[in-house]
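Asker: First the structure, then my questions, so here it is.
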Amino acid sequence: MGTAGTSTDAPAGERRQLINVAYRLLGSLAESEDAVQEAYARWYALPRSRRDEIVSPGAWLTTVTGRVCLDVLGSARARRERYVGAWLPDPLPDHTEWNHGPGTDPADQLILDESVTMAFLVVLESMTPAERVAFVLHDVFRYPFAEIAGILGRTPAACKQLAASARRRVRVARAPVTAIGQADVVRQVKEAWETRNIAALVELLDPAAVMTADGGGLVGTVLHPIEGGTRIAQYMVAIADRAPGLELLERSVNGVPGLVAQHAGAVMTVAAFDVADGRVTRIWAVRNPEKLGPWVRDA
């Protein structure tokens with residue numbers, strides 16, 4: 001990352017960029033924070049003379065963060081095989097919504113754009129660790145392949161091919177609907193859900209829609225995706241029947257319109273949607289309380 005510099009300390013302002021890189025690579029706020037903390041720990045473990053030689057501490061920290069994330073991704077498959085039910089990325093509230101407690105919650109550092117929508121993050125989950133690192137760093141953050149090669153331990157040409165392979169996976173996914181169009185559909189889903197109107201829900205759901213829920217084994221939920229608009233509608237109404245007093249709120253989830261379910265003032269579920277041609281094609285419902293921290297406001 002260069003030598004003969006005069007910087008003697010890692011600029012604190014780099015943390016925001018590092019959290020944004022790590023979250024897109026890992027999909028987990030806690031793991032992102034750990035990766036960034038590890039990068040800083042390695043920086044401060046360097047002799048002062050070595051730090052003085054580094055021209056760009058930010059680039060150095062990004063490289064180290066990328067390597068740490070690559071290691072985490074490499075072990076994620078085994079960890080997620082032990083995970084109870086489906087694993088989904090951590091949902092992010094709008095900046096005005098999350099819990100601003102003391103300290104440095106990584107959520108308050110994140111930039112919400114198209115690269116953090118739930119639909120996009122789920123596509124990233126389908127990539128190999130190397131593909132994901134190459135694609136995110138190059139296509140999202142515009143890092144040159146020469147620097148990415150140092151993270152992956154491959155040639156720039158090989159990294160370019162990895163990014164191209166990842167790009168093909170992304171192209172298979174349809175371009176996201178505009179927030180305005182999605183907001184209208186999500187609002188109609190909310191109204192139909194509140195009135196237990198199965199017929200209306202079926203009309204709003206694509207016949208081939210899929211609903212995936214993540215409870216992490218800590219709360220009750222379906223362990224396998226529910227397929228088919230009719231089955232999803234029936235399940236949604238059954239949930240409402242079993243939870244009298246459930247309140248549905250329209251909220252931004254990872255930068256696009258979604259729903260938050262509250263019961264007695266507590267956030268129980270955060271739901272993200274993908275919409276095509278005026279119908280919901282995917283629902284991702286995060287119920288694992290360990291992933292809902294940023295949604296819990298201070299008293």
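We name chains A, B, ... following the order of the structure tokens; residues begin at 1 in each chain, and ligands are numbered from 1 as shown.
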Determine which residues of region 139-200 of chain A DSSP labels as helix (DSSP H, G or I) from the backbone of this structure, then write them out as a ChimeraX atom specification.
Answerer: /A:139-140,145-152,156-172,179-194,198-200
Asker: So that I can check the surroundings of Cys159 (chain A), please list as a VMD selection string every protein, DNA and RNA residue that reaches within 9 Å of it, counting only C-alpha atoms and ignoring chain neighbours fewer than 2 positions away.
Answerer: chain A and resid 130 to 131 134 to 135 145 to 146 148 to 149 152 154 to 157 161 to 164
Asker: I'd like the contact shell of Trp60 (chain A) - 9 Å cut-off, only C-alpha atoms, skipping same-chain residues fewer than 3 positions apart - returned as a short mmCIF file (atom, residue, chain, number, x, y, z; two decimals) with N, CA and C atoms, in the first residue's frame.
Answerer:
data_model
loop_
_atom_site.label_atom_id
_atom_site.label_comp_id
_atom_site.auth_asym_id
_atom_site.auth_seq_id
_atom_site.Cartn_x
_atom_site.Cartn_y
_atom_site.Cartn_z
N MET A 1 0.81 -1.19 0.00
CA MET A 1 0.00 0.00 0.00
C MET A 1 0.85 1.25 0.00
N GLY A 2 2.14 1.14 -0.29
CA GLY A 2 3.00 2.31 -0.39
C GLY A 2 3.86 2.50 0.82
N ALA A 39 -8.81 -5.12 12.42
CA ALA A 39 -7.93 -4.36 11.53
C ALA A 39 -7.21 -3.25 12.30
N TRP A 43 -3.22 -2.64 13.17
CA TRP A 43 -2.54 -1.38 12.87
C TRP A 43 -1.73 -0.90 14.08
N ILE A 54 3.90 3.81 5.99
CA ILE A 54 2.68 3.53 5.21
C ILE A 54 2.09 4.84 4.70
N VAL A 55 2.02 4.97 3.39
CA VAL A 55 1.52 6.19 2.77
C VAL A 55 0.04 6.40 3.07
N SER A 56 -0.77 5.34 2.92
CA SER A 56 -2.22 5.45 3.09
C SER A 56 -2.70 4.47 4.16
N PRO A 57 -2.84 4.94 5.41
CA PRO A 57 -3.37 4.07 6.45
C PRO A 57 -4.76 3.53 6.09
N THR A 63 -7.30 -3.15 3.27
CA THR A 63 -6.72 -4.44 2.87
C THR A 63 -6.82 -5.45 4.01
N VAL A 64 -6.49 -5.02 5.20
CA VAL A 64 -6.53 -5.93 6.35
C VAL A 64 -7.98 -6.32 6.66
N THR A 65 -8.89 -5.35 6.62
CA THR A 65 -10.30 -5.65 6.85
C THR A 65 -10.80 -6.66 5.83
#
Asker: Excluding Trp284 (chain A) and its own-chain neighbours fewer than 5 positions away, which residues fall within 8 Å of it when counting only C-alpha atoms? Please give them as a ChimeraX atom specification.
Answerer: /A:88,118,211-214,271-273
Asker: Could you write out the selected residues, including C-alpha atoms, as a PDB file, in the first residue's frame?
Answerer:
ATOM      1  CA  LEU A  88     -30.473 -13.766   6.640  1.00  0.00           C
ATOM      2  CA  MET A 118     -31.852  -7.271   1.292  1.00  0.00           C
ATOM      3  CA  MET A 211     -40.988 -16.160   2.106  1.00  0.00           C
ATOM      4  CA  THR A 212     -37.870 -16.823   4.173  1.00  0.00           C
ATOM      5  CA  ALA A 213     -37.733 -16.267   7.936  1.00  0.00           C
ATOM      6  CA  ASP A 214     -34.739 -16.058  10.264  1.00  0.00           C
ATOM      7  CA  ALA A 271     -39.669  -7.714   6.920  1.00  0.00           C
ATOM      8  CA  ALA A 272     -37.975  -6.774   3.655  1.00  0.00           C
ATOM      9  CA  PHE A 273     -39.662  -7.193   0.272  1.00  0.00           C
TER      10      PHE A 273
END
Asker: Rounded to one decimal place, report the CA of Met236 (chain A)-CA of Ile283 (chain A) distance in Å.
Answerer: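 Computing the Euclidean distance for CA of Met236 (chain A) and CA of Ile283 (chain A) yields 11.1 Å.
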Asker: Region 82-87 of chain A: which residues within 8 Å, counting only C-alpha atoms, same-chain residues fewer than 5 positions away excluded, as a PyMOL selection string?
Answerer: chain A and resi 212-217+222-225
Asker: Restrict the selected residues to N, CA and C atoms and save them as a compact mmCIF listing (two decimals), in the first residue's frame.
Answerer:
# COMPACT_ATOMS: atom_id res chain seq x y z
N THR A 212 -38.92 -16.22 3.36
CA THR A 212 -37.87 -16.82 4.17
C THR A 212 -37.81 -16.10 5.50
N ALA A 213 -37.77 -16.85 6.60
CA ALA A 213 -37.73 -16.27 7.94
C ALA A 213 -36.48 -16.70 8.68
N ASP A 214 -35.96 -15.81 9.49
CA ASP A 214 -34.74 -16.06 10.26
C ASP A 214 -35.04 -15.80 11.74
N GLY A 215 -35.13 -16.89 12.49
CA GLY A 215 -35.33 -16.78 13.93
C GLY A 215 -34.11 -17.19 14.73
N GLY A 216 -33.15 -17.82 14.05
CA GLY A 216 -31.91 -18.22 14.71
C GLY A 216 -32.09 -19.22 15.83
N GLY A 217 -33.25 -19.87 15.91
CA GLY A 217 -33.49 -20.82 16.98
C GLY A 217 -33.84 -20.15 18.31
N VAL A 222 -40.91 -20.35 10.94
CA VAL A 222 -40.75 -21.48 10.02
C VAL A 222 -39.26 -21.68 9.76
N LEU A 223 -38.84 -22.93 9.70
CA LEU A 223 -37.42 -23.24 9.50
C LEU A 223 -37.04 -23.31 8.03
N HIS A 224 -38.04 -23.47 7.18
CA HIS A 224 -37.77 -23.58 5.75
C HIS A 224 -38.61 -22.55 5.00
N PRO A 225 -38.15 -22.08 3.86
CA PRO A 225 -38.91 -21.09 3.09
C PRO A 225 -40.30 -21.60 2.73
Asker: Give me the residues within 8 Å of region 247-256 of chain A as a list in words, counting only C-alpha atoms and dropping any in the same chain fewer than 3 places off.
Answerer: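 My reading of the contact set: Pro91, Leu92, Pro93, Asp94, Leu112, Asp113, Glu114, Val116, Thr117, Met118, Ala179, Gln182, Ala183, Val186, Arg187, Lys190, Glu194, Leu259, Val260, Ala261, Gln262, His263, Val270, Ala271 and Ala272 of chain A.
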Asker: CA of Ala209 (chain A) and CA of Thr281 (chain A), how far apart in Å?
Answerer: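 For CA of Thr281 (chain A) relative to CA of Ala209 (chain A), the distance reads 4.4 Å.
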Asker: Which is closest to Thr62 (chain A) among A:Leu137, A:Leu26, A:Met127, A:Leu218, if we use only C-alpha atoms?
Answerer: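 Distance minimum relative to Thr62 (chain A) lands on A:Leu137.
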Asker: Using only C-alpha atoms, which of A:Ile226, A:Ala233, A:Val275, A:Val140 sits nearest Ala192 (chain A)?
Answerer: A:Ala233
Asker: Of the candidates A:Gly150, A:Arg142, A:Ile232, A:Glu125, which shows the shortest atom-to-atom distance to Ser28 (chain A), using only C-alpha atoms?
Answerer: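 Under the stated criterion, the closest residue is A:Glu125.
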